[in-house]
Each structure stands twice: as C-alpha cells, then as structure tokens.
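Q: To be precise about what I am sending: the file is called final.cif and holds mmCIF, C-alpha atoms and all ligand atoms.
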data_target
#
loop_
_atom_site.label_atom_id
_atom_site.label_comp_id
_atom_site.auth_asym_id
_atom_site.auth_seq_id
_atom_site.Cartn_x
_atom_site.Cartn_y
_atom_site.Cartn_z
CA MET N 1 -24.01 1.54 -8.25
CA ILE N 2 -24.74 0.59 -4.65
CA ARG N 3 -24.64 -3.10 -3.68
CA GLU N 4 -25.62 -4.81 -0.44
CA LEU N 5 -23.14 -7.56 0.39
CA ASP N 6 -25.64 -9.90 2.06
CA LYS N 7 -27.60 -10.10 -1.22
CA MET N 8 -24.61 -11.37 -3.26
CA SER N 9 -23.06 -14.78 -3.83
CA VAL N 10 -19.66 -15.34 -2.18
CA SER N 11 -17.82 -15.26 -5.51
CA GLU N 12 -19.53 -12.03 -6.60
CA ARG N 13 -18.67 -10.47 -3.24
CA GLN N 14 -15.07 -11.67 -3.50
CA ASP N 15 -14.79 -10.25 -7.00
CA ILE N 16 -15.98 -6.78 -5.98
CA LEU N 17 -13.98 -6.61 -2.74
CA GLN N 18 -10.72 -7.82 -4.29
CA HIS N 19 -11.00 -5.22 -7.07
CA VAL N 20 -11.63 -2.32 -4.71
CA ILE N 21 -9.34 -3.32 -1.82
CA ALA N 22 -6.15 -3.28 -3.82
CA PRO N 23 -3.22 -3.41 -4.29
CA ARG N 24 -2.44 -6.04 -1.65
CA PRO N 25 1.12 -7.20 -0.90
CA ILE N 26 1.77 -10.91 -1.36
CA ALA N 27 3.06 -13.19 1.42
CA LEU N 28 4.54 -16.47 0.23
CA VAL N 29 4.04 -18.58 3.35
CA SER N 30 6.12 -21.61 4.27
CA THR N 31 4.69 -24.00 6.91
CA ILE N 32 5.17 -27.62 7.96
CA ASP N 33 2.76 -30.30 9.17
CA LYS N 34 3.34 -32.36 12.31
CA ASN N 35 5.38 -34.87 10.25
CA ASN N 36 7.69 -32.07 8.99
CA ASN N 37 6.28 -32.06 5.42
CA PRO N 38 6.79 -28.52 4.02
CA ASN N 39 4.07 -26.48 2.32
CA LEU N 40 4.24 -23.21 0.43
CA ALA N 41 1.37 -20.95 -0.72
CA PRO N 42 0.85 -17.25 -1.54
CA PHE N 43 -1.65 -15.08 0.35
CA SER N 44 -2.57 -11.49 -0.47
CA PHE N 45 -4.91 -11.07 2.47
CA PHE N 46 -1.77 -9.95 4.28
CA ASN N 47 -0.31 -6.89 5.93
CA LEU N 48 1.72 -5.35 8.78
CA PHE N 49 -0.37 -4.41 11.83
CA SER N 50 2.11 -3.53 14.58
CA THR N 51 5.80 -2.84 14.96
CA ASP N 52 6.07 -3.26 18.76
CA PRO N 53 5.30 -6.11 19.00
CA PRO N 54 6.08 -6.76 15.31
CA ILE N 55 2.87 -8.34 14.01
CA VAL N 56 1.68 -9.38 10.56
CA ILE N 57 -1.66 -11.00 9.75
CA PHE N 58 -2.56 -13.16 6.77
CA SER N 59 -5.66 -15.18 6.01
CA PRO N 60 -5.91 -18.61 4.36
CA CYS N 61 -9.67 -18.63 3.70
CA ARG N 62 -11.92 -21.66 3.42
CA ARG N 63 -12.22 -22.75 -0.21
CA VAL N 64 -15.25 -21.10 -1.82
CA ARG N 65 -16.15 -24.26 -3.75
CA ASP N 66 -16.69 -26.57 -0.73
CA GLY N 67 -15.85 -24.70 2.48
CA SER N 68 -12.78 -26.90 3.13
CA THR N 69 -9.71 -25.45 4.89
CA LYS N 70 -6.36 -24.85 3.17
CA HIS N 71 -3.19 -26.81 3.94
CA SER N 72 -1.35 -23.74 5.24
CA TYR N 73 -4.07 -23.21 7.86
CA GLU N 74 -4.12 -26.91 8.81
CA ASN N 75 -0.32 -26.94 9.16
CA ILE N 76 -0.30 -23.85 11.36
CA CYS N 77 -2.90 -25.47 13.64
CA GLU N 78 -0.43 -28.39 14.00
CA VAL N 79 2.86 -26.42 14.08
CA PRO N 80 2.27 -22.72 14.92
CA GLU N 81 5.28 -21.35 13.01
CA ALA N 82 5.76 -19.86 9.52
CA VAL N 83 8.23 -18.11 7.29
CA ILE N 84 6.65 -15.27 5.30
CA HIS N 85 8.43 -14.28 2.08
CA ILE N 86 7.99 -11.01 0.25
CA VAL N 87 7.14 -11.62 -3.40
CA ASP N 88 8.97 -9.53 -6.01
CA GLN N 89 8.91 -9.57 -9.80
CA ASP N 90 11.65 -12.22 -9.93
CA ILE N 91 9.64 -14.85 -8.00
CA LEU N 92 6.02 -13.94 -8.83
CA HIS N 93 5.53 -16.67 -11.43
CA GLN N 94 6.97 -19.34 -9.14
CA ALA N 95 4.81 -18.07 -6.24
CA ASN N 96 1.76 -18.24 -8.52
CA LEU N 97 2.66 -21.83 -9.40
CA ALA N 98 2.83 -22.65 -5.68
CA SER N 99 -0.83 -21.53 -5.40
CA ALA N 100 -2.01 -24.50 -7.49
CA ASP N 101 -4.30 -26.83 -5.58
CA PHE N 102 -1.77 -29.63 -4.94
CA ASP N 103 -2.73 -32.45 -2.56
CA ARG N 104 -1.80 -32.12 1.11
CA GLY N 105 1.77 -33.31 1.66
CA VAL N 106 2.92 -32.29 -1.84
CA ASP N 107 6.05 -30.12 -1.49
CA GLU N 108 5.49 -26.83 -3.36
CA PHE N 109 9.22 -26.00 -3.00
CA THR N 110 9.83 -28.79 -5.51
CA LYS N 111 6.74 -28.04 -7.62
CA ALA N 112 7.56 -24.32 -7.94
CA GLY N 113 11.34 -24.73 -8.22
CA PHE N 114 12.32 -22.87 -5.04
CA THR N 115 15.44 -23.61 -2.97
CA PRO N 116 14.71 -24.52 0.68
CA GLU N 117 17.10 -23.28 3.38
CA LYS N 118 17.11 -23.80 7.13
CA ALA N 119 15.55 -21.04 9.22
CA THR N 120 17.25 -19.88 12.44
CA ARG N 121 14.38 -19.74 14.98
CA VAL N 122 11.49 -21.72 13.38
CA ARG N 123 11.12 -25.13 11.73
CA PRO N 124 9.47 -24.34 8.32
CA PRO N 125 12.11 -23.88 5.58
CA ILE N 126 13.01 -20.55 3.98
CA VAL N 127 12.68 -19.78 0.26
CA ARG N 128 16.18 -18.68 -0.69
CA GLU N 129 15.05 -16.69 -3.77
CA SER N 130 12.84 -14.15 -1.90
CA PRO N 131 14.40 -10.70 -1.25
CA ALA N 132 12.99 -10.49 2.33
CA LYS N 133 12.00 -13.33 4.68
CA LEU N 134 10.21 -13.10 8.03
CA GLU N 135 10.59 -15.96 10.52
CA CYS N 136 7.39 -15.91 12.59
CA ARG N 137 5.75 -17.62 15.53
CA ILE N 138 1.97 -17.75 15.38
CA ILE N 139 0.43 -16.11 18.44
CA GLU N 140 -3.26 -16.44 17.57
CA ILE N 141 -5.50 -18.16 15.04
CA LYS N 142 -8.91 -16.56 14.61
CA PRO N 143 -11.41 -18.39 12.37
CA LEU N 144 -14.02 -15.94 11.00
CA GLY N 145 -16.65 -18.51 9.99
CA THR N 146 -17.27 -22.00 8.67
CA ARG N 147 -18.70 -21.29 5.20
CA GLY N 148 -16.75 -21.13 1.93
CA GLY N 149 -14.81 -17.82 1.73
CA ALA N 150 -14.53 -17.46 5.53
CA GLY N 151 -11.12 -16.18 6.51
CA ASN N 152 -8.84 -17.57 9.18
CA LEU N 153 -6.78 -14.76 10.62
CA ILE N 154 -3.26 -15.95 11.35
CA ILE N 155 -1.70 -13.44 13.73
CA ALA N 156 2.06 -13.86 13.53
CA GLU N 157 4.88 -12.29 15.51
CA ILE N 158 8.04 -11.68 13.49
CA LEU N 159 11.15 -13.03 15.24
CA VAL N 160 13.83 -12.67 12.58
CA VAL N 161 14.08 -10.79 9.28
CA HIS N 162 16.43 -11.85 6.48
CA ILE N 163 17.18 -9.13 3.95
CA SER N 164 18.94 -9.84 0.69
CA GLU N 165 22.03 -7.75 -0.13
CA LYS N 166 20.49 -7.00 -3.53
CA ILE N 167 17.90 -4.63 -1.98
CA LEU N 168 20.35 -2.67 0.20
CA ASN N 169 21.90 0.71 -0.64
CA ALA N 170 25.53 1.71 -0.03
CA SER N 171 24.78 2.61 3.62
CA GLY N 172 23.28 -0.81 4.29
CA LYS N 173 19.67 0.43 4.42
CA ILE N 174 16.79 -1.01 2.43
CA ASP N 175 16.49 0.86 -0.85
CA GLN N 176 12.81 1.17 -1.82
CA GLN N 177 13.82 1.45 -5.46
CA LYS N 178 15.54 -1.93 -5.36
CA ILE N 179 12.64 -4.02 -3.99
CA ARG N 180 10.62 -4.72 -7.08
CA HIS N 181 7.40 -5.51 -5.16
CA VAL N 182 4.41 -6.97 -6.90
CA ALA N 183 0.90 -6.74 -5.51
CA ARG N 184 -2.43 -8.39 -6.21
CA LEU N 185 -5.56 -6.55 -7.33
CA GLY N 186 -8.94 -7.93 -8.51
CA GLY N 187 -9.32 -11.17 -10.53
CA ASP N 188 -6.07 -11.97 -12.33
CA TRP N 189 -4.75 -8.37 -12.15
CA TYR N 190 -1.40 -7.54 -10.57
CA CYS N 191 0.73 -4.43 -10.39
CA GLN N 192 4.45 -3.96 -10.00
CA ILE N 193 6.61 -1.32 -8.40
CA SER N 194 9.16 0.21 -10.75
CA GLN N 195 11.24 3.39 -10.93
CA GLU N 196 8.53 5.01 -13.10
CA ASN N 197 5.67 4.57 -10.63
CA LEU N 198 7.48 5.21 -7.33
CA PHE N 199 7.12 8.66 -5.78
CA THR N 200 7.53 10.29 -2.39
CA LEU N 201 4.86 12.28 -0.52
CA PRO N 202 5.94 14.54 2.34
CA LYS N 203 3.93 14.27 5.58
CA PRO N 204 1.60 17.21 6.41
CA ALA N 205 3.06 19.85 8.73
CA PHE N 206 3.78 18.72 12.32
CA PRO N 207 2.00 18.94 14.76
CA HIS N 208 -0.88 19.94 12.50
CA ALA N 209 -1.61 21.40 9.11
CA ILE N 210 -4.18 24.18 8.61
CA GLY N 211 -6.51 21.80 6.72
CA PHE N 212 -9.15 22.69 4.13
CA ASP N 213 -11.21 24.61 6.69
CA GLY N 214 -8.17 26.80 7.37
CA LEU N 215 -7.94 27.92 3.71
CA PRO N 216 -9.38 31.34 2.82
CA GLU N 217 -12.87 30.73 1.38
CA ALA N 218 -12.02 32.16 -2.06
CA ILE N 219 -9.19 29.64 -2.39
CA ARG N 220 -11.16 26.72 -0.92
CA LYS N 221 -14.04 27.34 -3.37
CA SER N 222 -11.73 27.81 -6.37
CA PRO N 223 -13.30 26.64 -9.63
CA VAL N 224 -9.77 25.87 -10.85
CA LEU N 225 -7.79 24.24 -8.04
CA THR N 226 -8.37 20.50 -7.56
CA GLY N 227 -8.78 18.62 -4.27
CA SER N 228 -5.15 17.46 -4.48
CA GLU N 229 -3.88 20.99 -5.12
CA LEU N 230 -5.92 22.40 -2.23
CA ALA N 231 -4.61 19.57 -0.01
CA LYS N 232 -1.03 20.63 -0.79
CA LEU N 233 -1.87 24.24 0.13
CA ALA N 234 -3.68 23.06 3.27
CA GLY N 235 -0.65 21.02 4.40
CA VAL N 236 1.20 24.10 5.74
CA PRO N 237 1.34 24.75 9.53
CA GLU N 238 -0.08 28.29 9.07
CA ILE N 239 -1.07 30.60 6.23
CA PRO N 240 2.22 32.13 5.10
CA LYS N 241 2.87 35.88 5.42
CA ALA N 242 2.50 37.61 2.07
CA GLU N 243 5.90 38.52 0.70
CA ALA N 244 6.52 40.99 -2.09
CA LEU N 245 8.05 38.51 -4.50
CA ALA N 246 9.19 40.38 -7.56
CA GLU N 247 8.27 37.41 -9.75
CA SER N 248 4.70 37.17 -8.39
CA GLU N 249 4.14 40.88 -8.74
CA SER N 250 5.39 41.14 -12.30
CA TYR N 251 3.11 38.23 -13.24
CA LEU N 252 0.16 40.02 -11.65
CA PHE N 253 0.93 43.29 -13.42
CA GLN N 254 0.98 41.50 -16.77
CA LEU N 255 -2.50 40.13 -16.07
CA MET N 256 -3.80 43.52 -14.93
CA ASP N 257 -2.57 45.01 -18.17
CA LYS N 258 -4.58 42.48 -20.09
CA ARG N 259 -7.69 43.38 -18.03
CA SER N 260 -8.56 39.71 -18.10
CA LEU N 261 -12.20 39.01 -17.17
CA SER N 262 -11.35 35.70 -15.56
CA PHE N 263 -8.58 37.33 -13.60
CA ALA N 264 -8.96 35.25 -10.43
CA GLN N 265 -9.18 32.06 -12.47
CA GLU N 266 -5.97 32.94 -14.28
CA VAL N 267 -4.25 33.48 -10.95
CA HIS N 268 -5.58 30.13 -9.72
CA ARG N 269 -4.36 28.46 -12.91
CA HIS N 270 -0.93 29.91 -12.35
CA ALA N 271 -1.00 28.68 -8.73
CA SER N 272 -2.03 25.27 -10.05
CA SER N 273 1.02 25.11 -12.33
CA LEU N 274 3.29 26.12 -9.43
CA ILE N 275 1.76 23.39 -7.22
CA ALA N 276 2.40 20.88 -10.01
CA GLU N 277 6.09 21.79 -9.69
CA GLU N 278 5.80 21.35 -5.87
CA LYS N 279 6.38 25.13 -5.47
CA ILE N 280 3.81 25.35 -2.65
CA ALA N 281 5.29 28.49 -1.02
CA GLU N 282 5.29 30.33 -4.37
CA ALA N 283 1.70 29.23 -5.06
CA TRP N 284 0.65 30.59 -1.69
CA GLN N 285 2.29 33.95 -2.47
CA ILE N 286 0.44 34.25 -5.79
CA LEU N 287 -2.87 33.38 -4.14
CA LEU N 288 -2.27 35.74 -1.21
CA LEU N 289 -1.87 38.65 -3.62
CA ILE N 290 -5.56 38.42 -4.52
CA HIS N 291 -6.89 36.60 -1.45
CA PRO N 292 -4.96 38.19 1.41
CA ASN N 293 -5.26 36.47 4.75
CA ASN N 294 -5.05 39.76 6.58
CA ARG N 295 -6.87 42.72 5.01
CA ASN N 296 -3.85 44.94 5.72
CA GLU N 297 -1.79 42.75 3.45
CA GLN N 298 -4.08 43.40 0.47
CA LYS N 299 -2.11 45.24 -2.14
CA TYR N 300 -4.05 45.22 -5.38
CA PHE N 301 -7.77 44.61 -4.64
C1 LIG N 401 -1.08 -14.00 -5.52
C2 LIG N 401 -2.05 -14.91 -4.80
C3 LIG N 401 -2.63 -14.49 -3.63
C4 LIG N 401 -3.52 -15.34 -2.94
N1 LIG N 401 -4.07 -14.90 -1.77
C5 LIG N 401 -4.87 -15.73 -1.06
C6 LIG N 401 -5.38 -15.32 0.20
O1 LIG N 401 -5.09 -14.23 0.72
N2 LIG N 401 -6.17 -16.18 0.88
C7 LIG N 401 -6.47 -17.43 0.39
O2 LIG N 401 -7.18 -18.19 1.05
N3 LIG N 401 -5.98 -17.84 -0.81
C8 LIG N 401 -5.18 -17.04 -1.53
N4 LIG N 401 -4.66 -17.46 -2.72
C9 LIG N 401 -4.92 -18.84 -3.16
C10 LIG N 401 -4.02 -19.83 -2.40
O3 LIG N 401 -2.66 -19.55 -2.64
C11 LIG N 401 -4.34 -21.24 -2.87
O4 LIG N 401 -5.65 -21.57 -2.47
C12 LIG N 401 -3.36 -22.29 -2.39
O5 LIG N 401 -3.64 -23.51 -3.04
C13 LIG N 401 -3.45 -22.54 -0.92
O6 LIG N 401 -2.47 -23.51 -0.63
P1 LIG N 401 -2.50 -24.48 0.60
O7 LIG N 401 -3.79 -25.28 0.53
O8 LIG N 401 -1.27 -25.30 0.40
O9 LIG N 401 -2.45 -23.65 1.83
C14 LIG N 401 -3.82 -16.63 -3.45
C15 LIG N 401 -3.24 -17.03 -4.67
C16 LIG N 401 -2.38 -16.17 -5.34
C17 LIG N 401 -1.78 -16.61 -6.63
#
With the file now loaded, output its structure as structure tokens.
Ligand SMILES: Cc1cc2nc3c(=O)[nH]c(=O)nc-3n(C[C@H](O)[C@H](O)[C@H](O)COP(=O)(O)O)c2cc1C
A:
Amino acid sequence: MIRELDKMSVSERQDILQHVIAPRPIALVSTIDKNNNPNLAPFSFFNLFSTDPPIVIFSPCRRVRDGSTKHSYENICEVPEAVIHIVDQDILHQANLASADFDRGVDEFTKAGFTPEKATRVRPPIVRESPAKLECRIIEIKPLGTRGGAGNLIIAEILVVHISEKILNASGKIDQQKIRHVARLGGDWYCQISQENLFTLPKPAFPHAIGFDGLPEAIRKSPVLTGSELAKLAGVPEIPKAEALAESESYLFQLMDKRSLSFAQEVHRHASSLIAEEKIAEAWQILLLIHPNNRNEQKYF
C-alpha cells in the first residue's frame, strides 16, 4: 500500500503516522498560567534532541476537532517554563487521566491524584510520583500551522534533573532495568519496558565496520543468512584471519563425510546458529573455511 498524505483527512493521517512512528516516550508536562494555575498533560510527540545544550522538544498540537490550541501551549506562551516527567508503568493510568479534556484552569494534579512539589529553578510544580523529572526553561516556541492537527514545537532547555532513588543501582547510576518506561504507539496501543524485552546491542566496530559491501560475495549472497546475521558479520573492523580451529575443522570433516549436496548451505546454517549465540568470531571462522578471504588461506576447496 502506498498513500499520499495530502489526499487524506487529518485523522486518517494521524492514525497512520502514529502507528508507524512508534514507540514514542511520554512526557507528562507541568505548566502554569500567568495567574499561577497549574496544568498537567501527557505528550508523546516528545524526545531528546541535544545534550549540549540539553534540549528536549514536545508538541501540544491544535485539537483536530476545531483547530483550538491546548492549555499547555497557552500556558507556555504566558509563562515559558515547564517540568517534564518521565512516565513509567506506575503512573501511566494517572497520566492518561490527566489527558482528559478538562476546562482551562482545572488542576489536573487534583484530578489525576498526583502530589505537587516545589521545583528548584522553575515555577510549575513537580509531580512527586514520577521516577525522573526535568525542570526546563522554554527557549523557543515554533507553531507549525493553524489548522487542526498542527503541531507547536516547544523547544525546552533542561536546567535540573531529579532522579528517584528507586531507579538507581548500587553505584548510584541509573539502572535501565529499573525504569519501567511505557511508550505510546498507534491508537490506544502502548508498550512497556520489562526485563523480558530489554536487550543490549554492541556498537559496530570503531572507527568503521567492514559493512555489507566488505563481505565476501558468497557470504553476502547467502540463501541462508538473514540481513541481521550478515549485519553482525559485517560489524567487524576487518575480515578476520582464518584460524585452524579444531572445532570448526572437525565439523567440516563430518559434513564432507556425508557428501552433503547442500554443503555450503549447511555451513551457512551452522554459522547462523553460532551468530544466534553471539559467537561472531566462530561464525567467521566456519565461513572462512569455505569462503576464504585470501586464496592462500583456502584449505578444503
Ligand atoms: C499518552 C498520551 C500522549 C499524548 N500525546 C499528545 C501529543 O504529543 N500532542 C498532543 O497535542 N496531544 C497529546 N495527547 C493528548 C493531550 O494529552 C490532551 O489533548 C490533553 O487534554 C491536553 O491537555 P491541555 O489542554 O491541558 O494541554 C496525548 C495523550 C496521551 C494519553
């Protein structure tokens, strides 16, 4: 399916874009109006864009139904300060409640059952229950249009970060496994970070990896190895030197004994299972036995 955005209604466009551009972290944003009335609302058009200076951007869009602006945006135009709270599984339902379309001036701290606390460098109150709070001064407001659905980019500089003890490890650093982030996807879908779905991914070799085009052609065109498996092989700084690993050789001899017709495919399958165990160096050695990088290294074919 190919769709042109200018031929869609705003809600159809929003539906498609929010499903595909996901997951998005959720900022629970505290602001005040010029009379000091607090306001709280969640925004998932939100992310980190710079660390020096430390900049986040979020976007309270014009309401799709009538093009009117949201209270958070109006407050920031009056008092250019905010506290952004990271939403975790413990406060998601209360943050969702704060998104209800209450009248301007209604205090969502009270409506959603949050505890307000005084911030150190800005005037809007802090939500005590959030695991991480960012006190921000707004450095730029960039309206993107005047129709319903138009975003208003709020460019905010972070002045102070408050981090709850409950997400720190024994050395006082933030423990990724302890922040139970939630994120927004399309429609009413959300996802949550838990021990089961967290994983680490090492960076490619520094200063550069060999890349797909650096893989020997017979490996790159493998009918067995997937894009992910090839990417792991292509993440090395150079094609390794073939080593006579006893294990690799005995495996190869077993296959030769069988006179397997799909010999190369079997070798690729074996490499695939090694890659699945993150044994990238061993996978390279198996592959190099039949696809030597340097002809002089070729031992069996
Ligand atoms: C998880 C979540 C994320 C949301 N993200 C956005 C967003 O990025 N931009 C937006 O305009 N509205 C977003 N909304 C809807 C606003 O929170 C909602 O319109 C709210 O009433 C705005 O409050 P305000 O008028 O007090 O600023 C989101 C709602 C939820 C529940």
Q: Could you list, as a PyMOL selection string, all protein and nucleic acid residues with an atom at most 8 Å from ligand LIG 401 (chain N), counting all atoms listed in the file?
A: chain N and resi 26-27+39-46+58-63+69-74+92+95-104+108+149+151+183-184
Q: For C-alpha atoms, I'd like the residues from the last selection saved as a PDB file, in the coordinates of the input.
A:
ATOM      1  CA  ILE N  26       1.770 -10.910  -1.360  1.00  0.00           C
ATOM      2  CA  ALA N  27       3.060 -13.190   1.420  1.00  0.00           C
ATOM      3  CA  ASN N  39       4.070 -26.480   2.320  1.00  0.00           C
ATOM      4  CA  LEU N  40       4.240 -23.210   0.430  1.00  0.00           C
ATOM      5  CA  ALA N  41       1.370 -20.950  -0.720  1.00  0.00           C
ATOM      6  CA  PRO N  42       0.850 -17.250  -1.540  1.00  0.00           C
ATOM      7  CA  PHE N  43      -1.650 -15.080   0.350  1.00  0.00           C
ATOM      8  CA  SER N  44      -2.570 -11.490  -0.470  1.00  0.00           C
ATOM      9  CA  PHE N  45      -4.910 -11.070   2.470  1.00  0.00           C
ATOM     10  CA  PHE N  46      -1.770  -9.950   4.280  1.00  0.00           C
ATOM     11  CA  PHE N  58      -2.560 -13.160   6.770  1.00  0.00           C
ATOM     12  CA  SER N  59      -5.660 -15.180   6.010  1.00  0.00           C
ATOM     13  CA  PRO N  60      -5.910 -18.610   4.360  1.00  0.00           C
ATOM     14  CA  CYS N  61      -9.670 -18.630   3.700  1.00  0.00           C
ATOM     15  CA  ARG N  62     -11.920 -21.660   3.420  1.00  0.00           C
ATOM     16  CA  ARG N  63     -12.220 -22.750  -0.210  1.00  0.00           C
ATOM     17  CA  THR N  69      -9.710 -25.450   4.890  1.00  0.00           C
ATOM     18  CA  LYS N  70      -6.360 -24.850   3.170  1.00  0.00           C
ATOM     19  CA  HIS N  71      -3.190 -26.810   3.940  1.00  0.00           C
ATOM     20  CA  SER N  72      -1.350 -23.740   5.240  1.00  0.00           C
ATOM     21  CA  TYR N  73      -4.070 -23.210   7.860  1.00  0.00           C
ATOM     22  CA  GLU N  74      -4.120 -26.910   8.810  1.00  0.00           C
ATOM     23  CA  LEU N  92       6.020 -13.940  -8.830  1.00  0.00           C
ATOM     24  CA  ALA N  95       4.810 -18.070  -6.240  1.00  0.00           C
ATOM     25  CA  ASN N  96       1.760 -18.240  -8.520  1.00  0.00           C
ATOM     26  CA  LEU N  97       2.660 -21.830  -9.400  1.00  0.00           C
ATOM     27  CA  ALA N  98       2.830 -22.650  -5.680  1.00  0.00           C
ATOM     28  CA  SER N  99      -0.830 -21.530  -5.400  1.00  0.00           C
ATOM     29  CA  ALA N 100      -2.010 -24.500  -7.490  1.00  0.00           C
ATOM     30  CA  ASP N 101      -4.300 -26.830  -5.580  1.00  0.00           C
ATOM     31  CA  PHE N 102      -1.770 -29.630  -4.940  1.00  0.00           C
ATOM     32  CA  ASP N 103      -2.730 -32.450  -2.560  1.00  0.00           C
ATOM     33  CA  ARG N 104      -1.800 -32.120   1.110  1.00  0.00           C
ATOM     34  CA  GLU N 108       5.490 -26.830  -3.360  1.00  0.00           C
ATOM     35  CA  GLY N 149     -14.810 -17.820   1.730  1.00  0.00           C
ATOM     36  CA  GLY N 151     -11.120 -16.180   6.510  1.00  0.00           C
ATOM     37  CA  ALA N 183       0.900  -6.740  -5.510  1.00  0.00           C
ATOM     38  CA  ARG N 184      -2.430  -8.390  -6.210  1.00  0.00           C
TER      39      ARG N 184
END
Q: Considering only C-alpha atoms, state which residue in the set N:Gly187, N:Ser30, N:Ala209, N:Asn37 is at the smallest distance from N:Ala119.
A: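 Comparing N:Gly187, N:Ser30, N:Ala209, N:Asn37 against N:Ala119, the winner is N:Ser30.
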Q: Determine, counting only C-alpha atoms, which protein, DNA and RNA residues have an atom within 9 Å of an atom of N:Ile210; residues of the same chain fewer than 5 positions away are not included. Present the result as a list in words.
A: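 Residues near the query, excluding close chain neighbours: Ala205, Leu215, Leu233, Ala234, Gly235, Val236, Pro237, Glu238 and Ile239 of chain N.
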Q: So which one's closest to N:Gln195, N:Asp15, N:Asp175, N:Asp213, N:Glu81? Using all atoms listed in the file, please.
A: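 Ranking N:Asp15, N:Asp175, N:Asp213, N:Glu81 by distance to N:Gln195, first place goes to N:Asp175.
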Q: List every protein, DNA or RNA residue that has an atom no more than 8 Å from (-3.8, -2.3, -4.0) in the file's coordinate frame, counting only C-alpha atoms, and report them as a ChimeraX atom specification.
A: /N:20-25,183-185
Q: List the spatial neighbours of N:Leu48 as a ChimeraX atom specification - criterion: any atom at most 10 Å away, all atoms listed in the file, same-chain residues fewer than 2 positions off excluded.
A: /N:25,46,50-51,54-58,156
Q: Interatomic distance between atom CA of N:Arg180 and atom CA of N:Ile167?
A: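 For atom CA of N:Arg180 relative to atom CA of N:Ile167, the distance reads 8.9 Å.
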Q: So that I can check the surroundings of stretch 111-115 of chain N, please list as a list in words every protein, DNA and RNA residue that reaches within 7 Å of it, counting all atoms listed in the file and ignoring chain neighbours fewer than 4 positions away.
A: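 Final neighbour list, sorted by chain and number: Gln94, Leu97, Ala98, Asp107, Val127, Arg128 and Glu129 of chain N.
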Q: What is the atom CA of N:Val87 to atom CA of N:Ser11 distance in Å?
A: 25.3 Å
Q: Quick one: everything within 9 Å of N:Arg121, counting all atoms listed in the file, minus sequence neighbours fewer than 2 positions away in the same chain. Send it as a compact mmCIF listing (two decimals) with C-alpha atoms, keeping the file's coordinate frame.
A:
# COMPACT_ATOMS: atom_id res chain seq x y z
CA ALA N 119 15.55 -21.04 9.22
CA ARG N 123 11.12 -25.13 11.73
CA GLU N 135 10.59 -15.96 10.52
CA CYS N 136 7.39 -15.91 12.59
CA ARG N 137 5.75 -17.62 15.53
CA LEU N 159 11.15 -13.03 15.24
CA VAL N 160 13.83 -12.67 12.58
Q: Pick the closest to N:Cys191 from N:Gln89, N:Val106, N:Gly211, N:Ser228: which is it, counting all atoms listed in the file?
A: N:Gln89
Q: In Å, with one decimal, what is the gap from atom CA of N:Thr110 to atom CA of N:Ser68?
A: 24.3 Å
Q: Which residues are near N:Asn75? Cut-off 8 Å, only C-alpha atoms, ignore same chain within fewer than 3 positions. Put them as a PyMOL selection string.
A: chain N and resi 31-34+71-72+78-80
Q: Go ahead and dump the residues you just picked, C-alpha atoms, as an mmCIF file, keeping the file's coordinate frame.
A:
data_model
loop_
_atom_site.group_PDB
_atom_site.id
_atom_site.type_symbol
_atom_site.label_atom_id
_atom_site.label_comp_id
_atom_site.auth_asym_id
_atom_site.auth_seq_id
_atom_site.Cartn_x
_atom_site.Cartn_y
_atom_site.Cartn_z
ATOM 1 C CA THR N 31 4.690 -24.000 6.910
ATOM 2 C CA ILE N 32 5.170 -27.620 7.960
ATOM 3 C CA ASP N 33 2.760 -30.300 9.170
ATOM 4 C CA LYS N 34 3.340 -32.360 12.310
ATOM 5 C CA HIS N 71 -3.190 -26.810 3.940
ATOM 6 C CA SER N 72 -1.350 -23.740 5.240
ATOM 7 C CA GLU N 78 -0.430 -28.390 14.000
ATOM 8 C CA VAL N 79 2.860 -26.420 14.080
ATOM 9 C CA PRO N 80 2.270 -22.720 14.920
#
Q: Which of these residues is nearest to N:Asn35, using all atoms listed in the file: N:Pro124, N:Ile86, N:Val224, N:Pro53?
A: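 For N:Asn35, the nearest of the candidates is N:Pro124.
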Q: Select, from N:Val29, N:Ala283, N:Val64, N:Ala264, the residue with the minimum atom-to-atom distance to N:Arg147, counting all atoms listed in the file.
A: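 Of N:Val29, N:Ala283, N:Val64, N:Ala264, the one nearest N:Arg147 is N:Val64, counting all atoms listed in the file.
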Q: My list of candidates is N:Glu278, N:Asp88, N:Glu12, N:Glu140. Which is closest to N:Ser194 when distances are computed with all atoms listed in the file?
A: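 Result for the nearest residue to N:Ser194: N:Asp88.
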Q: Could you add N, CA and C atoms to stretch 197-209 of chain N and give me the result as an mmCIF file, keeping the file's coordinate frame?
A:
data_model
loop_
_atom_site.group_PDB
_atom_site.id
_atom_site.type_symbol
_atom_site.label_atom_id
_atom_site.label_comp_id
_atom_site.auth_asym_id
_atom_site.auth_seq_id
_atom_site.Cartn_x
_atom_site.Cartn_y
_atom_site.Cartn_z
ATOM 1 N N ASN N 197 6.886 4.293 -11.396
ATOM 2 C CA ASN N 197 5.670 4.570 -10.630
ATOM 3 C C ASN N 197 5.916 4.799 -9.132
ATOM 4 N N LEU N 198 7.184 4.875 -8.732
ATOM 5 C CA LEU N 198 7.480 5.210 -7.330
ATOM 6 C C LEU N 198 7.517 6.726 -7.164
ATOM 7 N N PHE N 199 6.988 7.227 -6.074
ATOM 8 C CA PHE N 199 7.120 8.660 -5.780
ATOM 9 C C PHE N 199 7.106 8.849 -4.272
ATOM 10 N N THR N 200 7.556 10.017 -3.824
ATOM 11 C CA THR N 200 7.530 10.290 -2.390
ATOM 12 C C THR N 200 6.456 11.344 -2.118
ATOM 13 N N LEU N 201 5.910 11.331 -0.916
ATOM 14 C CA LEU N 201 4.860 12.280 -0.520
ATOM 15 C C LEU N 201 5.195 12.779 0.875
ATOM 16 N N PRO N 202 5.584 14.056 0.999
ATOM 17 C CA PRO N 202 5.940 14.540 2.340
ATOM 18 C C PRO N 202 4.745 14.507 3.278
ATOM 19 N N LYS N 203 5.014 14.280 4.572
ATOM 20 C CA LYS N 203 3.930 14.270 5.580
ATOM 21 C C LYS N 203 3.411 15.692 5.743
ATOM 22 N N PRO N 204 2.115 15.859 6.136
ATOM 23 C CA PRO N 204 1.600 17.210 6.410
ATOM 24 C C PRO N 204 2.379 17.818 7.573
ATOM 25 N N ALA N 205 2.298 19.141 7.700
ATOM 26 C CA ALA N 205 3.060 19.850 8.730
ATOM 27 C C ALA N 205 2.811 19.265 10.113
ATOM 28 N N PHE N 206 3.879 19.215 10.947
ATOM 29 C CA PHE N 206 3.780 18.720 12.320
ATOM 30 C C PHE N 206 3.705 19.928 13.268
ATOM 31 N N PRO N 207 2.905 19.997 14.327
ATOM 32 C CA PRO N 207 2.000 18.940 14.760
ATOM 33 C C PRO N 207 0.684 18.929 13.990
ATOM 34 N N HIS N 208 0.284 20.045 13.365
ATOM 35 C CA HIS N 208 -0.880 19.940 12.500
ATOM 36 C C HIS N 208 -0.846 20.950 11.369
ATOM 37 N N ALA N 209 -1.514 20.549 10.289
ATOM 38 C CA ALA N 209 -1.610 21.400 9.110
ATOM 39 C C ALA N 209 -2.883 22.242 9.254
#
